[in-house]
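What follows is the content of model_21.cif (mmCIF, C-alpha atoms and all ligand atoms).
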```cif
data_structure
#
loop_
_atom_site.label_atom_id
_atom_site.label_comp_id
_atom_site.auth_asym_id
_atom_site.auth_seq_id
_atom_site.Cartn_x
_atom_site.Cartn_y
_atom_site.Cartn_z
CA MET A 1 20.26 -1.18 -28.30
CA LYS A 2 21.03 -0.28 -31.89
CA THR A 3 21.16 3.28 -33.02
CA PRO A 4 20.45 4.75 -36.46
CA GLY A 5 23.26 3.81 -38.85
CA TYR A 6 25.04 6.40 -40.93
CA HIS A 7 24.22 10.00 -40.13
CA GLY A 8 25.98 13.01 -41.60
CA TYR A 9 29.70 12.38 -41.49
CA CYS A 10 29.97 10.24 -38.44
CA TRP A 11 28.79 6.91 -37.22
CA ILE A 12 26.38 7.21 -34.30
CA LYS A 13 27.01 4.29 -32.02
CA GLY A 14 25.30 4.56 -28.69
CA LEU A 15 23.21 7.18 -27.02
CA LEU A 16 22.83 7.90 -23.34
CA VAL A 17 20.15 5.71 -21.86
CA PHE A 18 21.66 5.05 -18.44
CA PRO A 19 23.66 7.07 -15.93
CA ARG A 20 27.47 6.55 -15.70
CA GLU A 21 27.05 4.35 -12.62
CA GLN A 22 24.77 1.82 -14.37
CA GLN A 23 26.36 -1.64 -14.22
CA THR A 24 25.56 -4.73 -16.30
CA LEU A 25 22.40 -6.21 -14.84
CA PRO A 26 23.24 -9.43 -12.93
CA ASN A 27 20.79 -11.61 -14.82
CA HIS A 28 21.85 -10.38 -18.22
CA PHE A 29 24.15 -12.34 -20.53
CA TYR A 30 26.97 -10.68 -22.44
CA PHE A 31 24.74 -10.79 -25.50
CA THR A 32 21.72 -9.15 -23.87
CA ASP A 33 23.71 -6.51 -21.99
CA PHE A 34 22.76 -2.94 -22.91
CA GLU A 35 25.15 -0.92 -25.04
CA ARG A 36 26.83 2.04 -23.37
CA HIS A 37 27.94 5.03 -25.43
CA VAL A 38 30.61 5.88 -22.84
CA ALA A 39 32.18 2.45 -23.44
CA GLU A 40 32.69 3.32 -27.10
CA ILE A 41 34.38 6.58 -26.13
CA ALA A 42 36.50 5.09 -23.35
CA THR A 43 37.67 2.11 -25.43
CA PHE A 44 38.90 4.43 -28.17
CA HIS A 45 41.05 6.24 -25.57
CA LEU A 46 42.22 2.94 -24.06
CA ASP A 47 43.18 1.57 -27.49
CA LYS A 48 45.23 4.70 -28.12
CA LEU A 49 46.96 4.60 -24.71
CA LEU A 50 47.90 0.96 -25.25
CA GLY A 51 49.59 2.02 -28.48
CA PHE A 52 47.35 -0.09 -30.72
CA ARG A 53 45.55 2.72 -32.58
CA ARG A 54 43.26 0.19 -34.22
CA ALA A 55 39.96 1.77 -33.10
CA MET A 56 38.19 4.60 -34.94
CA PRO A 57 38.26 7.91 -33.07
CA VAL A 58 35.11 8.28 -30.98
CA THR A 59 33.88 11.40 -29.23
CA GLY A 60 30.95 12.17 -27.00
CA ARG A 61 28.66 15.13 -27.55
CA ILE A 62 25.13 16.36 -26.97
CA LEU A 63 22.79 15.51 -29.81
CA ASN A 64 19.50 17.13 -30.76
CA ILE A 65 17.12 14.30 -31.64
CA THR A 66 14.72 16.60 -33.53
CA SER A 67 17.16 18.46 -35.77
CA GLU A 68 19.90 15.86 -36.07
CA ILE A 69 17.99 12.60 -36.37
CA TYR A 70 14.24 13.08 -36.82
CA GLN A 71 14.52 15.70 -39.56
CA LEU A 72 16.95 13.50 -41.50
CA ALA A 73 15.40 10.10 -40.84
CA GLU A 74 13.63 8.16 -43.56
CA GLY A 75 11.53 5.03 -44.00
CA ASP A 76 11.50 2.43 -41.23
CA LEU A 77 13.52 4.54 -38.81
CA LEU A 78 11.16 7.52 -39.17
CA LYS A 79 8.20 5.35 -38.16
CA THR A 80 9.77 4.65 -34.76
CA PHE A 81 9.67 8.30 -33.56
CA PHE A 82 7.08 9.38 -31.01
CA ILE A 83 6.48 11.91 -28.23
CA SER A 84 6.40 10.38 -24.74
CA PRO A 85 3.58 11.15 -22.25
CA VAL A 86 5.71 13.86 -20.60
CA GLY A 87 6.47 15.50 -23.96
CA ASN A 88 9.97 14.16 -24.68
CA GLN A 89 11.07 13.24 -28.20
CA CYS A 90 11.70 9.47 -28.41
CA PHE A 91 12.56 6.82 -31.01
CA HIS A 92 13.62 3.19 -30.88
CA GLY A 93 15.06 2.27 -34.28
CA ARG A 94 14.94 -1.26 -35.71
CA CYS A 95 16.96 -4.16 -34.30
CA SER A 96 16.63 -7.62 -32.81
CA TYR A 97 16.89 -6.68 -29.11
CA TYR A 98 15.26 -3.85 -27.22
CA CYS A 99 13.97 -1.94 -30.24
CA ASP A 100 10.44 -1.29 -29.04
CA THR A 101 8.46 1.45 -27.35
CA GLY A 102 9.40 0.07 -23.92
CA HIS A 103 13.11 0.47 -24.70
CA ALA A 104 12.94 3.76 -26.57
CA ILE A 105 15.66 6.39 -26.51
CA CYS A 106 14.24 9.68 -25.29
CA GLY A 107 15.63 13.19 -25.18
CA ASN A 108 15.04 15.77 -22.48
CA PRO A 109 12.95 17.13 -24.14
CA ASP A 110 14.92 16.38 -27.30
CA THR A 111 18.61 16.63 -26.44
CA LEU A 112 20.66 13.61 -25.50
CA GLU A 113 24.29 12.62 -24.99
CA GLY A 114 25.74 10.22 -27.57
CA SER A 115 28.97 8.77 -28.94
CA PHE A 116 30.13 9.50 -32.46
CA ALA A 117 32.81 7.64 -34.37
CA ALA A 118 34.69 8.89 -37.38
CA PHE A 119 33.61 7.12 -40.54
CA LEU A 120 35.64 4.24 -41.81
CA PRO A 121 36.60 4.69 -45.47
CA THR A 122 33.77 3.53 -47.75
CA LYS A 123 33.75 -0.06 -48.99
CA GLU A 124 34.55 1.21 -52.50
CA LEU A 125 37.71 2.89 -51.24
CA ALA A 126 38.83 0.27 -48.78
CA SER A 127 36.76 -2.88 -48.56
CA ARG A 128 36.97 -4.97 -45.42
CA LYS A 129 36.88 -8.65 -44.65
CA VAL A 130 34.87 -9.92 -41.68
CA TRP A 131 36.43 -12.79 -39.73
CA ARG A 132 34.78 -15.01 -37.17
CA HIS A 133 36.74 -14.66 -33.93
CA PRO A 134 38.28 -18.06 -33.04
CA TRP A 135 37.51 -17.44 -29.34
CA ARG A 136 33.95 -16.32 -30.08
CA ARG A 137 31.49 -17.06 -27.28
CA SER A 138 28.54 -19.35 -27.96
CA TYR A 139 25.89 -16.59 -27.83
CA HIS A 140 23.58 -19.21 -26.37
CA LYS A 141 22.31 -19.30 -22.80
CA ARG A 142 23.16 -23.00 -22.26
CA LYS A 143 25.85 -23.95 -24.79
CA LYS A 144 29.57 -23.54 -24.37
CA ALA A 145 32.06 -22.80 -27.15
CA GLN A 146 34.82 -25.31 -28.00
CA TRP A 147 37.58 -23.15 -26.47
CA GLU A 148 35.80 -23.27 -23.11
CA ASN A 149 36.19 -27.05 -22.86
CA ASP A 150 39.47 -27.61 -24.67
CA SER A 151 42.60 -26.29 -22.97
CA ASN A 152 44.60 -27.29 -26.05
CA TYR A 153 42.46 -25.11 -28.31
CA CYS A 154 45.25 -22.69 -29.20
CA SER A 155 47.33 -25.39 -30.83
CA LEU A 156 44.40 -26.05 -33.18
CA VAL A 157 44.07 -22.36 -34.02
CA LYS A 158 47.81 -22.05 -34.66
CA GLU A 159 47.56 -24.59 -37.48
CA ILE A 160 44.92 -22.67 -39.40
CA ALA A 161 45.53 -19.73 -41.76
CA PRO A 162 45.81 -16.80 -41.09
CA TYR A 163 46.84 -17.69 -37.53
CA ASP A 164 49.66 -20.00 -38.60
CA LYS A 165 52.03 -17.20 -39.49
CA ASP A 166 52.77 -13.48 -39.30
CA ARG A 167 51.14 -11.22 -36.74
CA ARG A 168 47.48 -12.20 -36.80
CA LEU A 169 47.50 -14.36 -33.68
CA LEU A 170 49.51 -11.71 -31.83
CA ASP A 171 46.89 -9.15 -32.88
CA LEU A 172 44.23 -11.35 -31.30
CA MET A 173 46.26 -11.35 -28.08
CA ASP A 174 46.23 -7.53 -28.20
CA MET A 175 42.47 -7.58 -28.76
CA ALA A 176 42.01 -9.92 -25.79
CA ILE A 177 44.04 -7.52 -23.65
CA LEU A 178 41.96 -4.53 -24.76
CA ASP A 179 38.76 -6.48 -24.08
CA PHE A 180 39.91 -7.82 -20.72
CA LEU A 181 40.88 -4.33 -19.55
CA SER A 182 37.50 -2.94 -20.58
CA GLY A 183 35.48 -6.04 -19.65
CA ASN A 184 34.10 -6.47 -23.18
CA MET A 185 32.77 -10.02 -23.70
CA ASP A 186 31.12 -9.26 -27.02
CA ARG A 187 33.92 -9.90 -29.53
CA HIS A 188 32.17 -12.21 -31.99
CA HIS A 189 33.77 -11.04 -35.24
CA TYR A 190 36.56 -8.74 -36.26
CA GLU A 191 37.41 -6.96 -39.49
CA THR A 192 40.54 -6.29 -41.53
CA PHE A 193 41.10 -4.18 -44.63
CA LYS A 194 41.45 -6.29 -47.76
CA LEU A 195 43.97 -3.94 -49.33
CA PHE A 196 47.10 -5.14 -47.60
CA GLY A 197 46.65 -8.89 -47.68
CA ASN A 198 47.01 -11.01 -44.59
CA ASP A 199 49.50 -8.65 -42.99
CA THR A 200 46.89 -6.02 -42.29
CA PHE A 201 46.09 -5.16 -38.68
CA THR A 202 42.82 -6.13 -37.06
CA LEU A 203 40.35 -3.26 -36.64
CA HIS A 204 39.00 -2.71 -33.15
CA LEU A 205 35.27 -2.00 -33.67
CA ASP A 206 32.14 -2.33 -31.54
CA HIS A 207 32.91 -1.60 -27.90
CA GLY A 208 29.47 -0.64 -26.59
CA ARG A 209 29.39 -3.55 -24.15
CA GLY A 210 32.62 -2.77 -22.33
CA PHE A 211 32.87 -1.04 -18.97
CA GLY A 212 29.87 -2.79 -17.46
CA ARG A 213 31.23 -4.45 -14.30
CA PRO A 214 33.94 -2.44 -12.52
CA TYR A 215 34.09 -4.74 -9.49
CA HIS A 216 34.49 -7.95 -11.48
CA ASP A 217 37.46 -9.06 -13.60
CA GLU A 218 36.25 -11.50 -16.26
CA LEU A 219 39.31 -13.72 -16.76
CA SER A 220 37.66 -15.75 -19.51
CA ILE A 221 38.16 -12.73 -21.80
CA LEU A 222 41.88 -13.33 -21.44
CA THR A 223 41.56 -16.94 -22.63
CA PRO A 224 43.43 -16.42 -25.94
CA LEU A 225 46.47 -15.21 -24.00
CA LEU A 226 46.09 -17.84 -21.28
CA GLN A 227 45.83 -20.68 -23.81
CA CYS A 228 48.45 -19.48 -26.33
CA CYS A 229 50.90 -17.91 -23.88
CA MET A 230 51.78 -15.27 -26.46
CA ILE A 231 52.08 -11.50 -26.23
CA SER A 232 53.78 -8.97 -28.45
CA ARG A 233 56.95 -7.42 -27.09
CA ASN A 234 55.55 -3.89 -27.52
CA THR A 235 52.31 -4.65 -25.72
CA LEU A 236 54.17 -6.26 -22.84
CA ALA A 237 56.47 -3.22 -22.60
CA THR A 238 53.43 -0.89 -22.54
CA LEU A 239 51.73 -2.89 -19.79
CA LEU A 240 54.95 -2.95 -17.74
CA LYS A 241 55.28 0.80 -18.18
CA TYR A 242 51.79 1.37 -16.73
CA HIS A 243 52.40 -1.20 -13.99
CA ASN A 244 55.74 0.20 -12.85
CA GLY A 245 54.78 3.86 -13.17
CA PRO A 246 55.25 6.70 -12.71
CA GLN A 247 51.94 7.02 -14.58
CA ARG A 248 49.39 4.28 -14.05
CA LEU A 249 46.84 3.38 -16.72
CA SER A 250 43.98 4.82 -14.64
CA THR A 251 45.75 8.20 -14.47
CA ALA A 252 46.51 8.18 -18.19
CA MET A 253 42.88 7.33 -18.95
CA ARG A 254 41.54 10.01 -16.60
CA GLN A 255 43.74 12.59 -18.32
CA SER A 256 42.88 11.43 -21.80
CA LEU A 257 39.11 11.23 -21.16
CA ALA A 258 39.11 14.70 -19.58
CA LYS A 259 39.46 16.09 -23.12
CA ASP A 260 36.15 14.60 -24.24
CA PRO A 261 33.16 17.00 -24.46
CA VAL A 262 31.08 14.76 -22.18
CA ALA A 263 33.82 14.25 -19.55
CA PRO A 264 33.99 12.65 -17.07
CA VAL A 265 33.30 9.74 -19.39
CA LEU A 266 33.80 6.90 -16.93
CA TRP A 267 32.66 6.21 -13.41
CA GLU A 268 35.76 6.19 -11.16
CA PRO A 269 35.56 2.43 -10.22
CA HIS A 270 36.13 1.58 -13.91
CA LEU A 271 39.44 3.44 -13.81
CA THR A 272 40.56 1.65 -10.65
CA ALA A 273 39.68 -1.63 -12.36
CA LEU A 274 42.13 -0.88 -15.19
CA ASP A 275 45.18 -0.89 -12.86
CA ARG A 276 44.03 -4.09 -11.18
CA ARG A 277 43.56 -5.76 -14.56
CA VAL A 278 47.00 -4.69 -15.82
CA SER A 279 48.46 -6.59 -12.84
CA LEU A 280 46.33 -9.63 -13.66
CA ILE A 281 47.58 -9.70 -17.28
CA LEU A 282 51.19 -9.45 -16.13
CA GLN A 283 50.56 -12.25 -13.64
CA ALA A 284 49.24 -14.39 -16.50
CA VAL A 285 52.42 -13.69 -18.49
CA ARG A 286 54.54 -14.60 -15.46
CA ASP A 287 52.63 -17.89 -15.08
CA CYS A 288 53.28 -18.65 -18.76
CA LEU A 289 57.01 -18.01 -18.34
CA ASN A 290 57.18 -20.18 -15.22
CA ARG A 291 55.39 -23.01 -16.97
CA SER A 292 57.67 -22.89 -20.01
CA GLN A 293 60.69 -22.70 -17.69
CA GLU A 294 59.48 -25.82 -15.87
CA ARG A 295 59.09 -27.62 -19.20
CA VAL A 296 62.62 -26.62 -20.20
CA GLU A 297 64.01 -27.80 -16.86
CA GLU A 298 62.25 -31.15 -17.19
CA ASN A 299 63.97 -31.70 -20.55
CA GLU A 300 67.33 -30.25 -19.71
CA THR A 301 70.54 -32.22 -19.68
CA PRO A 302 73.69 -31.27 -17.68
CA GLN A 303 75.34 -30.05 -20.92
CA ASN A 304 72.71 -27.48 -21.90
CA LYS A 305 71.87 -26.38 -18.38
CA ASN A 306 74.31 -23.44 -18.39
CA HIS A 307 72.78 -22.01 -21.53
CA LEU A 308 69.36 -21.55 -20.03
CA GLN A 309 68.37 -18.15 -18.93
CA LYS A 310 65.48 -17.45 -16.64
CA HIS A 311 63.09 -14.73 -17.89
CA HIS A 312 61.67 -12.23 -15.48
CA VAL A 313 58.67 -9.99 -15.69
CA SER A 314 59.04 -7.55 -12.85
N1 LIG A 401 33.06 4.08 -37.59
C1 LIG A 401 32.43 3.34 -38.49
N2 LIG A 401 32.25 3.76 -39.76
C2 LIG A 401 31.63 2.99 -40.66
N3 LIG A 401 31.14 1.77 -40.42
C3 LIG A 401 31.28 1.27 -39.18
C4 LIG A 401 31.92 2.04 -38.14
N4 LIG A 401 31.92 1.29 -37.01
C5 LIG A 401 31.31 0.14 -37.33
N5 LIG A 401 30.92 0.11 -38.62
C6 LIG A 401 30.25 -1.00 -39.34
O1 LIG A 401 28.96 -1.20 -38.84
C7 LIG A 401 28.77 -2.54 -38.40
C8 LIG A 401 27.99 -2.55 -37.09
O2 LIG A 401 28.72 -1.83 -36.10
P1 LIG A 401 28.89 -2.39 -34.66
O3 LIG A 401 29.48 -3.77 -34.72
O4 LIG A 401 29.59 -1.38 -33.85
O5 LIG A 401 27.34 -2.44 -34.24
P2 LIG A 401 26.50 -3.58 -33.51
O6 LIG A 401 25.12 -3.06 -33.50
O7 LIG A 401 27.09 -3.87 -32.19
O8 LIG A 401 26.65 -4.81 -34.49
P3 LIG A 401 26.65 -6.38 -34.16
O9 LIG A 401 25.22 -6.75 -33.93
O10 LIG A 401 27.25 -6.97 -35.41
O11 LIG A 401 27.51 -6.61 -32.95
C9 LIG A 401 30.18 -3.12 -38.22
O12 LIG A 401 30.23 -4.46 -38.60
C10 LIG A 401 31.05 -2.25 -39.12
O13 LIG A 401 31.30 -2.91 -40.34
MN MN A 402 27.87 -5.54 -31.20
#
```
In structure tokens, write the structure found in this file.
Amino acid sequence: MKTPGYHGYCWIKGLLVFPREQQTLPNHFYFTDFERHVAEIATFHLDKLLGFRRAMPVTGRILNITSEIYQLAEGDLLKTFFISPVGNQCFHGRCSYYCDTGHAICGNPDTLEGSFAAFLPTKELASRKVWRHPWRRSYHKRKKAQWENDSNYCSLVKEIAPYDKDRRLLDLMDMAILDFLSGNMDRHHYETFKLFGNDTFTLHLDHGRGFGRPYHDELSILTPLLQCCMISRNTLATLLKYHNGPQRLSTAMRQSLAKDPVAPVLWEPHLTALDRRVSLILQAVRDCLNRSQERVEENETPQNKNHLQKHHVS
């Protein structure tokens, strides 16, 4: 579902179409999954709690379709408005999936919950560069991407600019962690500001497809970390903090989301999933350390043996 682009001073991304308990439909692919406005809100909070602060602030609120969209809409968008048989105000916008009368967004009779992101600075002020994500999925129902068949894929990525130096690859590890925690499989591109050269951080945009399957942990989202065995020191410290307590990530999220106007933003099983997924990420880091330790031990000679220190992730 796509929503009308710019409106007033915020970016409308996602309107309530489904209840909080709606899960990704089993026969849907990641690229046909519906967008959930609560996922945009929750991922902003998650990004903040993980210390990244690379997502635009997003809030939920009740929207009036008549006064806040219809009366301001123009052209193609305006033509998609209609009144449903029971008298509700509906529209469907223009997009490639689900933008038809059968998938319209309807108010009750014309109010609806939505998510609203703060505007990014305009392109004139701060232009952005769009990058293809190296671990992009195939977006095809039968094809696989190269990274899915090649366990050595990370060593290829590491050779290519901008992943060959500085923090960019580490930023992608952070993005994989954010996406794994939220269950977002839809990370096809990412953006950076052009202003600061290759050192700029990666923006975390487009999270409408997260928080779809609370009872399933999609480990393939963690592939960048699993294949590169890299994680930033800060991110690891943050994950350990939530793992060891006293405050778990689910508690921090519950507290943070309680401040949103449409709280409770997430269905409780999604919060439980966060703690379980933190443990899974730490387990992946532990496996990486054990593997590198084994490699060191295979190569070690009696002389350098005493200098080796075993790393521990508690
Ligand atoms: N808060 C924002 N302010 C201004 N522009 C934004 C904002 N968030 C996203 N955009 C821009 O709008 C584009 C579309 O947004 P987004 O990716 O969230 O929507 P989408 O419908 O899921 O798009 P796609 O089909 O590319 O996945 C983004 O590429 C981004 O450049
Ligand atoms: Mn998208």
Cut-off 12 Å: closest chain A/ligand MN 402 (chain A) atom pairs per residue, using only C-alpha atoms and all ligand atoms, as a tab-separated table:
```
residue	atom	partner	partner_atom	distance
A:Met1	CA	A:MN402	MN	9.2
A:Lys2	CA	A:MN402	MN	8.7
A:Thr3	CA	A:MN402	MN	11.2
A:Lys13	CA	A:MN402	MN	9.9
A:Gly14	CA	A:MN402	MN	10.7
A:Tyr30	CA	A:MN402	MN	10.2
A:Phe31	CA	A:MN402	MN	8.4
A:Thr32	CA	A:MN402	MN	10.2
A:Asp33	CA	A:MN402	MN	10.2
A:Phe34	CA	A:MN402	MN	10.1
A:Glu35	CA	A:MN402	MN	8.2
A:Arg36	CA	A:MN402	MN	10.9
A:Ala39	CA	A:MN402	MN	11.9
A:Glu40	CA	A:MN402	MN	10.9
A:Cys95	CA	A:MN402	MN	11.4
A:Ser96	CA	A:MN402	MN	11.5
A:Tyr97	CA	A:MN402	MN	11.2
A:Tyr139	CA	A:MN402	MN	11.7
A:Asn184	CA	A:MN402	MN	10.2
A:Met185	CA	A:MN402	MN	10.0
A:Asp186	CA	A:MN402	MN	6.5
A:Arg187	CA	A:MN402	MN	7.6
A:His188	CA	A:MN402	MN	8.0
A:His189	CA	A:MN402	MN	9.0
A:Tyr190	CA	A:MN402	MN	10.6
A:His204	CA	A:MN402	MN	11.6
A:Leu205	CA	A:MN402	MN	8.6
A:Asp206	CA	A:MN402	MN	5.4
A:His207	CA	A:MN402	MN	7.2
A:Gly208	CA	A:MN402	MN	6.9
A:Arg209	CA	A:MN402	MN	7.5
A:Gly210	CA	A:MN402	MN	10.4
```
One residue among A:Arg54, A:Ala145, A:Asp287, A:Thr235 is nearest to ligand LIG 401 (chain A) when using only C-alpha atoms and all ligand atoms, and that residue is A:Arg54
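CA of Leu222 in chain A sits 22.7 Å away from CA of Met56 in chain A.
In terms of minimum interatomic distance to ligand LIG 401 (chain A), A:Tyr98 ranks closest within A:Tyr163, A:Trp267, A:Trp135, A:Tyr98, counting all atoms listed in the file.
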Step by step, gather every atom of range 24-41 of chain A that the file lists, find the box along x, y and z that holds them, add 6 Å on each side, and finally give centre and edge lengths in Å to one decimal, as AutoDock Vina command-line options.
```
--center_x 27.6 --center_y -2.9 --center_z -20.0 --size_x 25.6 --size_y 30.9 --size_z 26.2
```
With all atoms listed in the file as the counted atoms, please give the residues lying no more than 12 Å from Ile281 in chain A, apart from itself and same-chain residues fewer than 4 positions off, as a PDB file with C-alpha atoms, in the frame of the given file.
```
ATOM      1  CA  MET A 173      46.260 -11.350 -28.080  1.00  0.00           C
ATOM      2  CA  ASP A 174      46.230  -7.530 -28.200  1.00  0.00           C
ATOM      3  CA  ALA A 176      42.010  -9.920 -25.790  1.00  0.00           C
ATOM      4  CA  ILE A 177      44.040  -7.520 -23.650  1.00  0.00           C
ATOM      5  CA  LEU A 178      41.960  -4.530 -24.760  1.00  0.00           C
ATOM      6  CA  ASP A 179      38.760  -6.480 -24.080  1.00  0.00           C
ATOM      7  CA  PHE A 180      39.910  -7.820 -20.720  1.00  0.00           C
ATOM      8  CA  LEU A 181      40.880  -4.330 -19.550  1.00  0.00           C
ATOM      9  CA  ASP A 217      37.460  -9.060 -13.600  1.00  0.00           C
ATOM     10  CA  GLU A 218      36.250 -11.500 -16.260  1.00  0.00           C
ATOM     11  CA  LEU A 219      39.310 -13.720 -16.760  1.00  0.00           C
ATOM     12  CA  SER A 220      37.660 -15.750 -19.510  1.00  0.00           C
ATOM     13  CA  ILE A 221      38.160 -12.730 -21.800  1.00  0.00           C
ATOM     14  CA  LEU A 222      41.880 -13.330 -21.440  1.00  0.00           C
ATOM     15  CA  THR A 223      41.560 -16.940 -22.630  1.00  0.00           C
ATOM     16  CA  PRO A 224      43.430 -16.420 -25.940  1.00  0.00           C
ATOM     17  CA  LEU A 225      46.470 -15.210 -24.000  1.00  0.00           C
ATOM     18  CA  LEU A 226      46.090 -17.840 -21.280  1.00  0.00           C
ATOM     19  CA  CYS A 229      50.900 -17.910 -23.880  1.00  0.00           C
ATOM     20  CA  MET A 230      51.780 -15.270 -26.460  1.00  0.00           C
ATOM     21  CA  ILE A 231      52.080 -11.500 -26.230  1.00  0.00           C
ATOM     22  CA  THR A 235      52.310  -4.650 -25.720  1.00  0.00           C
ATOM     23  CA  LEU A 236      54.170  -6.260 -22.840  1.00  0.00           C
ATOM     24  CA  THR A 238      53.430  -0.890 -22.540  1.00  0.00           C
ATOM     25  CA  LEU A 239      51.730  -2.890 -19.790  1.00  0.00           C
ATOM     26  CA  LEU A 240      54.950  -2.950 -17.740  1.00  0.00           C
ATOM     27  CA  TYR A 242      51.790   1.370 -16.730  1.00  0.00           C
ATOM     28  CA  HIS A 243      52.400  -1.200 -13.990  1.00  0.00           C
ATOM     29  CA  LEU A 274      42.130  -0.880 -15.190  1.00  0.00           C
ATOM     30  CA  ASP A 275      45.180  -0.890 -12.860  1.00  0.00           C
ATOM     31  CA  ARG A 276      44.030  -4.090 -11.180  1.00  0.00           C
ATOM     32  CA  ARG A 277      43.560  -5.760 -14.560  1.00  0.00           C
ATOM     33  CA  VAL A 285      52.420 -13.690 -18.490  1.00  0.00           C
ATOM     34  CA  ARG A 286      54.540 -14.600 -15.460  1.00  0.00           C
ATOM     35  CA  ASP A 287      52.630 -17.890 -15.080  1.00  0.00           C
ATOM     36  CA  CYS A 288      53.280 -18.650 -18.760  1.00  0.00           C
ATOM     37  CA  VAL A 313      58.670  -9.990 -15.690  1.00  0.00           C
TER      38      VAL A 313
END
```
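Straight-line separation from CA of Glu300 in chain A to CA of Ala284 in chain A: 24.3 Å.
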If we draw a sphere of 10 Å around (15.8, 9.8, -40.1), which residues have at least one atom in it when counting all atoms listed in the file? Please report them as a CSV table (one decimal) with C-alpha atoms, keeping the file's coordinate frame.
```csv
chain,number,residue,atom,x,y,z
A,4,PRO,CA,20.4,4.8,-36.5
A,5,GLY,CA,23.3,3.8,-38.8
A,6,TYR,CA,25.0,6.4,-40.9
A,7,HIS,CA,24.2,10.0,-40.1
A,65,ILE,CA,17.1,14.3,-31.6
A,66,THR,CA,14.7,16.6,-33.5
A,67,SER,CA,17.2,18.5,-35.8
A,68,GLU,CA,19.9,15.9,-36.1
A,69,ILE,CA,18.0,12.6,-36.4
A,70,TYR,CA,14.2,13.1,-36.8
A,71,GLN,CA,14.5,15.7,-39.6
A,72,LEU,CA,17.0,13.5,-41.5
A,73,ALA,CA,15.4,10.1,-40.8
A,74,GLU,CA,13.6,8.2,-43.6
A,75,GLY,CA,11.5,5.0,-44.0
A,76,ASP,CA,11.5,2.4,-41.2
A,77,LEU,CA,13.5,4.5,-38.8
A,78,LEU,CA,11.2,7.5,-39.2
A,79,LYS,CA,8.2,5.4,-38.2
A,80,THR,CA,9.8,4.6,-34.8
A,81,PHE,CA,9.7,8.3,-33.6
A,93,GLY,CA,15.1,2.3,-34.3
```
Counting all atoms listed in the file, which residues have an atom no more than 10 Å from (9.9, 11.6, -26.6) in the file's coordinates? Please list them as a PDB file with C-alpha atoms, keeping the file's coordinate frame.
```
ATOM      1  CA  ILE A  65      17.120  14.300 -31.640  1.00  0.00           C
ATOM      2  CA  THR A  66      14.720  16.600 -33.530  1.00  0.00           C
ATOM      3  CA  PHE A  81       9.670   8.300 -33.560  1.00  0.00           C
ATOM      4  CA  PHE A  82       7.080   9.380 -31.010  1.00  0.00           C
ATOM      5  CA  ILE A  83       6.480  11.910 -28.230  1.00  0.00           C
ATOM      6  CA  SER A  84       6.400  10.380 -24.740  1.00  0.00           C
ATOM      7  CA  PRO A  85       3.580  11.150 -22.250  1.00  0.00           C
ATOM      8  CA  VAL A  86       5.710  13.860 -20.600  1.00  0.00           C
ATOM      9  CA  GLY A  87       6.470  15.500 -23.960  1.00  0.00           C
ATOM     10  CA  ASN A  88       9.970  14.160 -24.680  1.00  0.00           C
ATOM     11  CA  GLN A  89      11.070  13.240 -28.200  1.00  0.00           C
ATOM     12  CA  CYS A  90      11.700   9.470 -28.410  1.00  0.00           C
ATOM     13  CA  PHE A  91      12.560   6.820 -31.010  1.00  0.00           C
ATOM     14  CA  ALA A 104      12.940   3.760 -26.570  1.00  0.00           C
ATOM     15  CA  ILE A 105      15.660   6.390 -26.510  1.00  0.00           C
ATOM     16  CA  CYS A 106      14.240   9.680 -25.290  1.00  0.00           C
ATOM     17  CA  GLY A 107      15.630  13.190 -25.180  1.00  0.00           C
ATOM     18  CA  ASN A 108      15.040  15.770 -22.480  1.00  0.00           C
ATOM     19  CA  PRO A 109      12.950  17.130 -24.140  1.00  0.00           C
ATOM     20  CA  ASP A 110      14.920  16.380 -27.300  1.00  0.00           C
TER      21      ASP A 110
END
```
